[in-house]
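Below is the file structure_9.tsv, which contains TSV, C-alpha atoms.
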chain	number	residue	atom	x	y	z
A	1	MET	CA	116.47	114.35	74.99
A	2	LYS	CA	113.93	113.90	77.76
A	3	THR	CA	112.44	116.91	79.49
A	4	PRO	CA	113.53	117.12	83.14
A	5	VAL	CA	110.92	116.35	85.77
A	6	LEU	CA	112.74	118.85	87.98
A	7	GLN	CA	115.04	121.70	87.01
A	8	MET	CA	116.76	124.13	89.37
A	9	LYS	CA	118.49	127.03	87.65
A	10	ASN	CA	121.20	129.34	88.98
A	11	ILE	CA	120.25	128.84	92.63
A	12	CYS	CA	122.07	131.19	95.02
A	13	LYS	CA	121.84	131.23	98.81
A	14	SER	CA	123.89	133.16	101.35
A	15	PHE	CA	123.88	133.25	105.12
A	16	GLY	CA	125.36	136.61	106.04
A	17	GLY	CA	128.77	136.67	104.42
A	18	LEU	CA	128.78	132.93	103.69
A	19	ARG	CA	127.83	132.01	100.13
A	20	ALA	CA	126.37	128.54	100.59
A	21	LEU	CA	125.11	128.10	97.00
A	22	ILE	CA	126.54	129.86	93.97
A	23	ASP	CA	124.61	129.60	90.68
A	24	VAL	CA	123.81	125.92	91.19
A	25	ASN	CA	121.91	123.99	88.53
A	26	LEU	CA	120.22	120.63	88.90
A	27	GLU	CA	118.27	118.44	86.47
A	28	LEU	CA	116.33	115.32	87.41
A	29	TYR	CA	114.95	113.24	84.54
A	30	PRO	CA	112.07	110.75	84.48
A	31	ASP	CA	112.85	107.23	85.72
A	32	GLU	CA	116.30	108.07	87.06
A	33	ILE	CA	118.18	108.14	90.32
A	34	LEU	CA	120.34	111.26	90.64
A	35	ALA	CA	122.88	111.07	93.46
A	36	ILE	CA	124.22	114.26	95.04
A	37	VAL	CA	127.61	113.89	96.68
A	38	GLY	CA	130.24	116.15	98.20
A	39	ASP	CA	132.13	116.84	101.40
A	40	ASN	CA	130.47	118.37	104.44
A	41	GLY	CA	129.77	122.02	103.70
A	42	ALA	CA	129.77	121.49	99.94
A	43	GLY	CA	126.17	122.68	99.60
A	44	LYS	CA	124.24	119.40	99.28
A	45	SER	CA	121.97	119.92	102.25
A	46	THR	CA	121.41	123.60	101.52
A	47	LEU	CA	120.35	122.84	97.96
A	48	ILE	CA	117.87	120.21	99.13
A	49	LYS	CA	116.54	122.55	101.83
A	50	VAL	CA	115.86	125.13	99.13
A	51	LEU	CA	114.04	122.49	97.11
A	52	THR	CA	111.95	121.39	100.09
A	53	GLY	CA	111.10	124.91	101.23
A	54	VAL	CA	113.14	124.92	104.43
A	55	TYR	CA	115.24	127.76	102.97
A	56	GLN	CA	114.28	130.28	100.32
A	57	ALA	CA	116.79	130.91	97.56
A	58	ASP	CA	118.16	134.44	97.21
A	59	SER	CA	117.93	134.07	93.43
A	60	GLY	CA	117.35	131.42	90.80
A	61	SER	CA	114.30	129.40	89.80
A	62	THR	CA	112.79	125.94	90.05
A	63	GLU	CA	110.59	124.16	87.50
A	64	LEU	CA	108.55	120.96	87.77
A	65	ASN	CA	107.55	119.31	84.51
A	66	GLY	CA	108.44	122.52	82.70
A	67	GLN	CA	106.26	124.74	84.86
A	68	PRO	CA	107.51	127.31	87.41
A	69	ALA	CA	107.37	126.06	91.00
A	70	ASN	CA	107.22	128.74	93.67
A	71	ILE	CA	108.44	126.84	96.72
A	72	ARG	CA	108.42	129.08	99.78
A	73	SER	CA	107.66	126.55	102.51
A	74	ARG	CA	107.66	122.83	103.26
A	75	GLN	CA	103.96	122.72	102.47
A	76	ASP	CA	104.61	124.30	99.07
A	77	SER	CA	107.11	121.53	98.38
A	78	LEU	CA	104.65	118.81	99.41
A	79	ASN	CA	101.87	120.42	97.38
A	80	ALA	CA	104.18	120.44	94.36
A	81	GLY	CA	104.69	116.68	94.68
A	82	ILE	CA	108.13	116.62	96.30
A	83	ALA	CA	108.49	114.21	99.23
A	84	THR	CA	111.50	113.48	101.44
A	85	VAL	CA	112.58	110.47	103.46
A	86	TYR	CA	114.99	111.83	106.05
A	87	GLN	CA	117.81	109.92	107.68
A	88	ASN	CA	115.89	109.56	110.97
A	89	LEU	CA	112.80	108.30	109.02
A	90	GLY	CA	110.38	110.18	111.29
A	91	LEU	CA	108.40	107.09	112.31
A	92	VAL	CA	106.32	106.81	115.46
A	93	ASP	CA	107.91	103.69	116.90
A	94	THR	CA	104.91	102.68	119.01
A	95	LEU	CA	102.56	102.59	115.99
A	96	PRO	CA	102.22	99.84	113.37
A	97	ALA	CA	103.01	100.39	109.70
A	98	ALA	CA	99.59	101.57	108.48
A	99	PRO	CA	99.15	104.44	111.00
A	100	ASN	CA	102.71	105.57	110.23
A	101	ILE	CA	102.01	105.58	106.49
A	102	PHE	CA	98.81	107.63	106.92
A	103	LEU	CA	99.94	109.70	109.90
A	104	GLY	CA	97.84	112.86	110.03
A	105	ASP	CA	95.75	111.85	107.01
A	106	GLU	CA	93.95	108.71	108.16
A	107	PRO	CA	90.89	107.50	106.22
A	108	THR	CA	87.68	107.92	108.20
A	109	LYS	CA	84.16	106.53	108.31
A	110	LYS	CA	81.07	107.81	110.08
A	111	ILE	CA	79.29	105.96	112.83
A	112	LEU	CA	76.06	107.57	114.03
A	113	GLY	CA	77.16	110.69	112.19
A	114	LEU	CA	80.51	110.91	113.98
A	115	PRO	CA	83.88	110.46	112.18
A	116	PHE	CA	86.12	107.59	113.27
A	117	ILE	CA	89.39	106.31	111.80
A	118	ASP	CA	88.67	103.47	109.38
A	119	ASN	CA	91.39	101.09	110.55
A	120	LYS	CA	90.37	98.29	108.18
A	121	LYS	CA	90.59	100.49	105.10
A	122	MET	CA	93.84	102.07	106.35
A	123	ARG	CA	95.44	98.64	106.74
A	124	GLN	CA	94.23	97.48	103.32
A	125	ASP	CA	95.45	100.67	101.65
A	126	ALA	CA	98.80	100.40	103.42
A	127	GLU	CA	99.26	96.85	102.14
A	128	GLU	CA	98.41	98.01	98.62
A	129	ILE	CA	100.86	100.93	98.73
A	130	LEU	CA	103.65	98.77	100.09
A	131	ARG	CA	103.04	96.10	97.44
A	132	THR	CA	102.46	98.25	94.36
A	133	LYS	CA	104.62	101.32	94.97
A	134	VAL	CA	107.43	100.00	97.18
A	135	GLY	CA	107.47	96.36	96.11
A	136	VAL	CA	107.41	94.73	99.56
A	137	GLU	CA	105.05	92.73	101.72
A	138	LEU	CA	105.61	93.03	105.46
A	139	PRO	CA	104.86	89.87	107.47
A	140	ASN	CA	104.58	91.87	110.70
A	141	LEU	CA	102.33	94.68	109.48
A	142	ASP	CA	100.49	94.99	112.80
A	143	ASP	CA	103.58	95.08	115.03
A	144	PRO	CA	104.93	98.40	116.34
A	145	THR	CA	107.54	99.70	113.92
A	146	ARG	CA	110.14	99.68	116.72
A	147	ASN	CA	110.19	95.88	116.19
A	148	PHE	CA	110.91	96.22	112.47
A	149	SER	CA	114.30	95.69	110.87
A	150	GLY	CA	116.12	98.66	109.39
A	151	GLY	CA	115.04	97.74	105.87
A	152	GLN	CA	111.41	97.29	106.91
A	153	ARG	CA	111.42	100.70	108.60
A	154	GLN	CA	112.80	102.23	105.41
A	155	ALA	CA	109.97	100.56	103.47
A	156	VAL	CA	107.36	102.14	105.75
A	157	ALA	CA	108.96	105.58	105.49
A	158	ILE	CA	109.16	105.28	101.69
A	159	ALA	CA	105.53	104.12	101.52
A	160	ARG	CA	104.45	107.21	103.45
A	161	ALA	CA	106.38	109.42	101.04
A	162	VAL	CA	105.16	107.80	97.80
A	163	ARG	CA	101.52	107.14	98.69
A	164	ALA	CA	100.36	110.38	97.03
A	165	ASN	CA	99.24	109.86	93.43
A	166	ASP	CA	100.67	113.23	92.39
A	167	LEU	CA	104.22	112.57	93.63
A	168	HIS	CA	106.83	113.87	91.17
A	169	VAL	CA	110.12	113.65	93.09
A	170	LEU	CA	111.33	111.53	96.01
A	171	ILE	CA	114.36	112.75	97.98
A	172	MET	CA	116.25	110.23	100.11
A	173	ASP	CA	118.71	111.60	102.66
A	174	GLU	CA	121.49	109.15	103.61
A	175	PRO	CA	119.14	106.13	103.53
A	176	THR	CA	121.87	103.58	104.33
A	177	ALA	CA	123.42	105.43	107.27
A	178	ALA	CA	123.80	103.23	110.37
A	179	LEU	CA	122.53	100.10	108.57
A	180	GLY	CA	124.36	96.78	108.51
A	181	PRO	CA	125.44	95.16	105.21
A	182	GLU	CA	122.30	93.06	104.69
A	183	GLU	CA	119.90	95.88	105.60
A	184	THR	CA	121.88	98.20	103.34
A	185	ARG	CA	121.53	95.76	100.45
A	186	LYS	CA	117.77	95.53	100.98
A	187	THR	CA	117.42	99.30	101.20
A	188	LEU	CA	119.35	99.83	97.95
A	189	GLU	CA	117.08	97.27	96.29
A	190	LEU	CA	114.06	99.17	97.63
A	191	ILE	CA	115.37	102.38	96.10
A	192	LYS	CA	115.79	100.73	92.70
A	193	THR	CA	112.32	99.19	92.94
A	194	VAL	CA	110.68	102.55	93.69
A	195	ARG	CA	112.50	104.14	90.76
A	196	GLY	CA	111.46	101.22	88.57
A	197	ARG	CA	107.82	101.89	89.43
A	198	GLY	CA	107.96	105.39	88.05
A	199	THR	CA	109.26	107.69	90.78
A	200	PRO	CA	112.46	109.63	90.02
A	201	ILE	CA	114.74	109.88	93.05
A	202	ILE	CA	117.34	112.30	94.37
A	203	LEU	CA	119.73	110.36	96.59
A	204	ILE	CA	122.02	112.14	99.04
A	205	SER	CA	124.88	109.93	100.18
A	206	HIS	CA	128.48	109.96	101.34
A	207	ASN	CA	129.01	106.33	100.28
A	208	LEU	CA	130.24	106.12	96.69
A	209	ASP	CA	129.92	102.32	96.63
A	210	HIS	CA	126.21	102.69	97.34
A	211	VAL	CA	125.90	105.57	94.88
A	212	PHE	CA	127.49	103.60	92.05
A	213	SER	CA	125.30	100.57	92.77
A	214	VAL	CA	121.99	102.41	92.26
A	215	ALA	CA	122.41	105.85	90.66
A	216	ASP	CA	122.16	106.74	86.98
A	217	ARG	CA	123.95	110.08	87.31
A	218	VAL	CA	126.00	111.75	90.04
A	219	GLN	CA	126.07	115.48	90.72
A	220	VAL	CA	129.12	116.60	92.69
A	221	MET	CA	128.93	119.67	94.93
A	222	ARG	CA	132.05	121.52	96.06
A	223	GLY	CA	132.35	124.89	97.76
A	224	GLY	CA	128.71	125.75	97.13
A	225	ARG	CA	128.97	125.11	93.39
A	226	ARG	CA	128.12	122.26	91.09
A	227	ALA	CA	131.56	120.85	90.38
A	228	GLY	CA	130.35	118.39	87.76
A	229	VAL	CA	127.82	115.77	86.71
A	230	VAL	CA	128.78	112.30	85.51
A	231	GLU	CA	126.95	109.33	84.04
A	232	VAL	CA	127.56	106.32	86.28
A	233	ALA	CA	127.82	103.96	83.29
A	234	GLN	CA	130.62	106.09	81.82
A	235	SER	CA	132.44	107.09	84.99
A	236	ASN	CA	134.10	105.64	88.08
A	237	LYS	CA	134.64	106.46	91.73
A	238	LYS	CA	138.09	107.91	91.05
A	239	GLU	CA	136.65	110.55	88.73
A	240	VAL	CA	133.94	111.45	91.24
A	241	LEU	CA	136.47	111.66	94.07
A	242	GLY	CA	138.54	113.98	91.90
A	243	LEU	CA	135.56	116.29	91.49
A	244	ILE	CA	134.84	116.17	95.23
A	245	VAL	CA	138.34	117.19	96.24
A	246	GLY	CA	139.02	119.46	93.24
A	247	SER	CA	141.83	117.62	91.48
A	248	ASP	CA	142.75	118.62	87.90
A	249	LEU	CA	139.22	118.08	86.59
A	250	GLN	CA	137.44	120.99	84.97
A	251	GLU	CA	134.46	122.44	86.82
A	252	ALA	CA	131.12	122.44	85.07
A	253	SER	CA	128.30	124.76	85.96

Spell out the structure here as structure tokens.
Amino acid sequence: MKTPVLQMKNICKSFGGLRALIDVNLELYPDEILAIVGDNGAGKSTLIKVLTGVYQADSGSTELNGQPANIRSRQDSLNAGIATVYQNLGLVDTLPAAPNIFLGDEPTKKILGLPFIDNKKMRQDAEEILRTKVGVELPNLDDPTRNFSGGQRQAVAIARAVRANDLHVLIMDEPTAALGPEETRKTLELIKTVRGRGTPIILISHNLDHVFSVADRVQVMRGGRRAGVVEVAQSNKKEVLGLIVGSDLQEAS
């Protein structure tokens, strides 16, 4: 049995009298895509916000590669090697791909002792990251990203997330929302490519068709608890829907 890259144990979180997470466990293994599904209010977003340092758990623990991870802020999460591609992507539409990938951490060079952004190196590094870690080559690399297709914008956002050499976990929040069929297909292929190049992924999605096309396992959240975990190869959408709505299937903690 492989050792989990990420393990969350008995995570609890309350907001006043509302128990948002109740003894939730999560395991993410190397080279896998773990989908998290559930109705609105099931606890998916709260669990991920605990993992990314937006919220602090009331109790429970998190481990990365078998070592305790004390995640108390977003920066703690980034420092631990956990990156997130949010649904809105967070791109600066007026900038090309390379400045978006290196936003806030641009490579520099000195001219007459003064630091300047090294645009040539930044562009070359961006091409390398896109090719080797995301598996794409953008023909319009120098265009503003507002001119990119939905799939190309996803590629830039993913490249920004995976460019760090010490990345351990990539979280993708509803990556196919608001995309057409062809852009959705390309984005799902991107997700599989990134996983295939060594980055385990947590995928949050409402679309079970998309989940079953890319995920290895599915964790179902219901009422703030983990209702069950299934292997995609040995399950089907009917079983997962049963766990989501709470039909005659036994809960598993």

Taking (133.5, 121.8, 106.3) in the file's coordinates as the center, which residues reach within 12 Å of it, counting only C-alpha atoms, put as an MDAnalysis selection string? chainID A and resid 20 38:44 222:224

Students should find that atom CA of Gly60 of chain A and atom CA of Met8 of chain A are spaced 7.5 Å

State, in Å with one decimal place, the distance from atom CA of Leu170 of chain A to atom CA of Gln87 of chain A.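 So the answer is 13.4 Å.
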
Counting only C-alpha atoms, I want the residues whose atoms come within 9 Å of (110.1, 129.8, 101.8) in the file frame, returned as a list in words. Val50, Thr52, Gly53, Val54, Tyr55, Gln56, Ala57, Asn70, Ile71, Arg72, Ser73, Arg74 and Asp76 of chain A

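For the residues A:Arg160, A:Asp31, A:Thr3, A:Leu78, ranking by smallest atom-to-atom distance to Glu63 of chain A using only C-alpha atoms places A:Thr3 first.
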
Find the residues around Ile171 of chain A up to 7 Å (only C-alpha atoms counted), leave out those fewer than 6 positions away in its own chain, and share them as a ChimeraX atom specification. /A:83-85,201-203

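For Val220 of chain A, the residues within 9 Å (counting all atoms listed in the file, excluding itself and residues fewer than 6 positions away along the chain) are Ala35, Ile36, Val37, Gly38, Ala42, Lys44, Arg226, Ala227, Gly228, Val229, Val230, Val240, Leu241, Leu243 and Ile244 of chain A.
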
Keeping only C-alpha atoms, take the residues you just selected and write them out as a compact mmCIF listing (two decimals), in the coordinates of the input.
# COMPACT_ATOMS: atom_id res chain seq x y z
CA ALA A 35 122.88 111.07 93.46
CA ILE A 36 124.22 114.26 95.04
CA VAL A 37 127.61 113.89 96.68
CA GLY A 38 130.24 116.15 98.20
CA ALA A 42 129.77 121.49 99.94
CA LYS A 44 124.24 119.40 99.28
CA ARG A 226 128.12 122.26 91.09
CA ALA A 227 131.56 120.85 90.38
CA GLY A 228 130.35 118.39 87.76
CA VAL A 229 127.82 115.77 86.71
CA VAL A 230 128.78 112.30 85.51
CA VAL A 240 133.94 111.45 91.24
CA LEU A 241 136.47 111.66 94.07
CA LEU A 243 135.56 116.29 91.49
CA ILE A 244 134.84 116.17 95.23

Counting only C-alpha atoms, what is within 8 Å of segment 150-159 of chain A, bar same-chain residues fewer than 6 positions away, as an mmCIF file with C-alpha atoms, in the coordinates of the input?
data_model
loop_
_atom_site.group_PDB
_atom_site.id
_atom_site.type_symbol
_atom_site.label_atom_id
_atom_site.label_comp_id
_atom_site.auth_asym_id
_atom_site.auth_seq_id
_atom_site.Cartn_x
_atom_site.Cartn_y
_atom_site.Cartn_z
ATOM 1 C CA VAL A 85 112.580 110.470 103.460
ATOM 2 C CA LEU A 89 112.800 108.300 109.020
ATOM 3 C CA GLY A 90 110.380 110.180 111.290
ATOM 4 C CA LEU A 91 108.400 107.090 112.310
ATOM 5 C CA ALA A 97 103.010 100.390 109.700
ATOM 6 C CA ASN A 100 102.710 105.570 110.230
ATOM 7 C CA ILE A 101 102.010 105.580 106.490
ATOM 8 C CA ALA A 126 98.800 100.400 103.420
ATOM 9 C CA ILE A 129 100.860 100.930 98.730
ATOM 10 C CA LEU A 130 103.650 98.770 100.090
ATOM 11 C CA LYS A 133 104.620 101.320 94.970
ATOM 12 C CA VAL A 134 107.430 100.000 97.180
ATOM 13 C CA VAL A 136 107.410 94.730 99.560
ATOM 14 C CA LEU A 138 105.610 93.030 105.460
ATOM 15 C CA PRO A 175 119.140 106.130 103.530
ATOM 16 C CA LEU A 179 122.530 100.100 108.570
ATOM 17 C CA GLU A 183 119.900 95.880 105.600
ATOM 18 C CA THR A 184 121.880 98.200 103.340
ATOM 19 C CA LYS A 186 117.770 95.530 100.980
ATOM 20 C CA THR A 187 117.420 99.300 101.200
ATOM 21 C CA LEU A 190 114.060 99.170 97.630
#

Let me have the centre and edge lengths in Å, one decimal, of the box along x, y and z around every listed atom of segment 154-157 of chain A with 4 Å of margin on each side, as AutoDock Vina command-line options.
--center_x 110.1 --center_y 103.1 --center_z 104.6 --size_x 13.4 --size_y 13.0 --size_z 10.3

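Atom CA of Asn147 of chain A sits 9.1 Å away from atom CA of Thr94 of chain A.
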
Could you give me, as a PyMOL selection string, the residues within 9 Å of Asp23 of chain A, counting only C-alpha atoms and dropping anything in the same chain fewer than 6 positions from it? chain A and resi 9-13+59-60+224-226+253

From the block you just saw, export segment 214-244 of chain A: N, CA and C atoms, as a PDB file, in the first residue's frame.
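out_3.pdb written:
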ATOM      1  N   VAL A 214     -11.902  11.328 -15.386  1.00  0.00           N
ATOM      2  CA  VAL A 214     -10.501  11.614 -15.046  1.00  0.00           C
ATOM      3  C   VAL A 214     -10.061  11.081 -13.686  1.00  0.00           C
ATOM      4  N   ALA A 215     -10.963  10.922 -12.724  1.00  0.00           N
ATOM      5  CA  ALA A 215     -10.562  10.616 -11.352  1.00  0.00           C
ATOM      6  C   ALA A 215     -10.224   9.138 -11.167  1.00  0.00           C
ATOM      7  N   ASP A 216      -9.372   8.876 -10.182  1.00  0.00           N
ATOM      8  CA  ASP A 216      -9.075   7.503  -9.773  1.00  0.00           C
ATOM      9  C   ASP A 216      -9.965   7.079  -8.616  1.00  0.00           C
ATOM     10  N   ARG A 217     -10.186   8.009  -7.680  1.00  0.00           N
ATOM     11  CA  ARG A 217     -11.085   7.755  -6.557  1.00  0.00           C
ATOM     12  C   ARG A 217     -11.979   8.970  -6.365  1.00  0.00           C
ATOM     13  N   VAL A 218     -13.129   8.726  -5.710  1.00  0.00           N
ATOM     14  CA  VAL A 218     -14.090   9.798  -5.438  1.00  0.00           C
ATOM     15  C   VAL A 218     -14.427   9.776  -3.960  1.00  0.00           C
ATOM     16  N   GLN A 219     -14.249  10.914  -3.309  1.00  0.00           N
ATOM     17  CA  GLN A 219     -14.658  11.074  -1.912  1.00  0.00           C
ATOM     18  C   GLN A 219     -15.944  11.884  -1.887  1.00  0.00           C
ATOM     19  N   VAL A 220     -16.968  11.318  -1.259  1.00  0.00           N
ATOM     20  CA  VAL A 220     -18.279  11.963  -1.191  1.00  0.00           C
ATOM     21  C   VAL A 220     -18.453  12.613   0.172  1.00  0.00           C
ATOM     22  N   MET A 221     -18.826  13.897   0.153  1.00  0.00           N
ATOM     23  CA  MET A 221     -19.121  14.622   1.387  1.00  0.00           C
ATOM     24  C   MET A 221     -20.631  14.785   1.503  1.00  0.00           C
ATOM     25  N   ARG A 222     -21.132  14.633   2.733  1.00  0.00           N
ATOM     26  CA  ARG A 222     -22.563  14.853   2.988  1.00  0.00           C
ATOM     27  C   ARG A 222     -22.738  15.291   4.434  1.00  0.00           C
ATOM     28  N   GLY A 223     -23.382  16.428   4.623  1.00  0.00           N
ATOM     29  CA  GLY A 223     -23.680  16.908   5.960  1.00  0.00           C
ATOM     30  C   GLY A 223     -22.458  17.140   6.815  1.00  0.00           C
ATOM     31  N   GLY A 224     -21.351  17.546   6.184  1.00  0.00           N
ATOM     32  CA  GLY A 224     -20.127  17.814   6.926  1.00  0.00           C
ATOM     33  C   GLY A 224     -19.296  16.588   7.248  1.00  0.00           C
ATOM     34  N   ARG A 225     -19.715  15.431   6.776  1.00  0.00           N
ATOM     35  CA  ARG A 225     -18.986  14.186   7.024  1.00  0.00           C
ATOM     36  C   ARG A 225     -18.501  13.582   5.713  1.00  0.00           C
ATOM     37  N   ARG A 226     -17.538  12.689   5.817  1.00  0.00           N
ATOM     38  CA  ARG A 226     -17.171  11.879   4.666  1.00  0.00           C
ATOM     39  C   ARG A 226     -18.156  10.719   4.583  1.00  0.00           C
ATOM     40  N   ALA A 227     -18.980  10.747   3.557  1.00  0.00           N
ATOM     41  CA  ALA A 227     -20.016   9.724   3.426  1.00  0.00           C
ATOM     42  C   ALA A 227     -19.487   8.433   2.820  1.00  0.00           C
ATOM     43  N   GLY A 228     -18.363   8.524   2.120  1.00  0.00           N
ATOM     44  CA  GLY A 228     -17.787   7.332   1.517  1.00  0.00           C
ATOM     45  C   GLY A 228     -16.709   7.680   0.522  1.00  0.00           C
ATOM     46  N   VAL A 229     -15.906   6.682   0.167  1.00  0.00           N
ATOM     47  CA  VAL A 229     -14.869   6.823  -0.851  1.00  0.00           C
ATOM     48  C   VAL A 229     -14.965   5.615  -1.771  1.00  0.00           C
ATOM     49  N   VAL A 230     -14.979   5.854  -3.078  1.00  0.00           N
ATOM     50  CA  VAL A 230     -15.094   4.749  -4.028  1.00  0.00           C
ATOM     51  C   VAL A 230     -13.973   4.817  -5.051  1.00  0.00           C
ATOM     52  N   GLU A 231     -13.589   3.650  -5.535  1.00  0.00           N
ATOM     53  CA  GLU A 231     -12.656   3.538  -6.658  1.00  0.00           C
ATOM     54  C   GLU A 231     -13.465   3.663  -7.937  1.00  0.00           C
ATOM     55  N   VAL A 232     -13.064   4.586  -8.804  1.00  0.00           N
ATOM     56  CA  VAL A 232     -13.820   4.820 -10.039  1.00  0.00           C
ATOM     57  C   VAL A 232     -13.920   3.541 -10.868  1.00  0.00           C
ATOM     58  N   ALA A 233     -12.841   2.777 -10.946  1.00  0.00           N
ATOM     59  CA  ALA A 233     -12.830   1.572 -11.777  1.00  0.00           C
ATOM     60  C   ALA A 233     -13.790   0.500 -11.267  1.00  0.00           C
ATOM     61  N   GLN A 234     -14.187   0.608  -9.999  1.00  0.00           N
ATOM     62  CA  GLN A 234     -15.055  -0.410  -9.406  1.00  0.00           C
ATOM     63  C   GLN A 234     -16.405   0.162  -8.976  1.00  0.00           C
ATOM     64  N   SER A 235     -16.725   1.349  -9.460  1.00  0.00           N
ATOM     65  CA  SER A 235     -17.957   1.997  -9.034  1.00  0.00           C
ATOM     66  C   SER A 235     -18.689   2.563 -10.243  1.00  0.00           C
ATOM     67  N   ASN A 236     -19.746   3.312  -9.977  1.00  0.00           N
ATOM     68  CA  ASN A 236     -20.502   3.960 -11.046  1.00  0.00           C
ATOM     69  C   ASN A 236     -21.200   5.188 -10.473  1.00  0.00           C
ATOM     70  N   LYS A 237     -21.748   5.983 -11.368  1.00  0.00           N
ATOM     71  CA  LYS A 237     -22.369   7.241 -10.948  1.00  0.00           C
ATOM     72  C   LYS A 237     -23.577   6.996 -10.042  1.00  0.00           C
ATOM     73  N   LYS A 238     -24.283   5.900 -10.235  1.00  0.00           N
ATOM     74  CA  LYS A 238     -25.444   5.616  -9.394  1.00  0.00           C
ATOM     75  C   LYS A 238     -25.028   5.427  -7.942  1.00  0.00           C
ATOM     76  N   GLU A 239     -23.925   4.708  -7.726  1.00  0.00           N
ATOM     77  CA  GLU A 239     -23.448   4.500  -6.359  1.00  0.00           C
ATOM     78  C   GLU A 239     -23.035   5.822  -5.720  1.00  0.00           C
ATOM     79  N   VAL A 240     -22.329   6.656  -6.484  1.00  0.00           N
ATOM     80  CA  VAL A 240     -21.892   7.945  -5.955  1.00  0.00           C
ATOM     81  C   VAL A 240     -23.084   8.842  -5.660  1.00  0.00           C
ATOM     82  N   LEU A 241     -24.064   8.857  -6.550  1.00  0.00           N
ATOM     83  CA  LEU A 241     -25.276   9.647  -6.294  1.00  0.00           C
ATOM     84  C   LEU A 241     -25.987   9.170  -5.031  1.00  0.00           C
ATOM     85  N   GLY A 242     -25.978   7.855  -4.810  1.00  0.00           N
ATOM     86  CA  GLY A 242     -26.583   7.323  -3.596  1.00  0.00           C
ATOM     87  C   GLY A 242     -25.895   7.833  -2.343  1.00  0.00           C
ATOM     88  N   LEU A 243     -24.574   7.921  -2.394  1.00  0.00           N
ATOM     89  CA  LEU A 243     -23.825   8.454  -1.260  1.00  0.00           C
ATOM     90  C   LEU A 243     -24.093   9.942  -1.071  1.00  0.00           C
ATOM     91  N   ILE A 244     -24.240  10.668  -2.190  1.00  0.00           N
ATOM     92  CA  ILE A 244     -24.483  12.114  -2.101  1.00  0.00           C
ATOM     93  C   ILE A 244     -25.820  12.408  -1.423  1.00  0.00           C
TER      94      ILE A 244
END
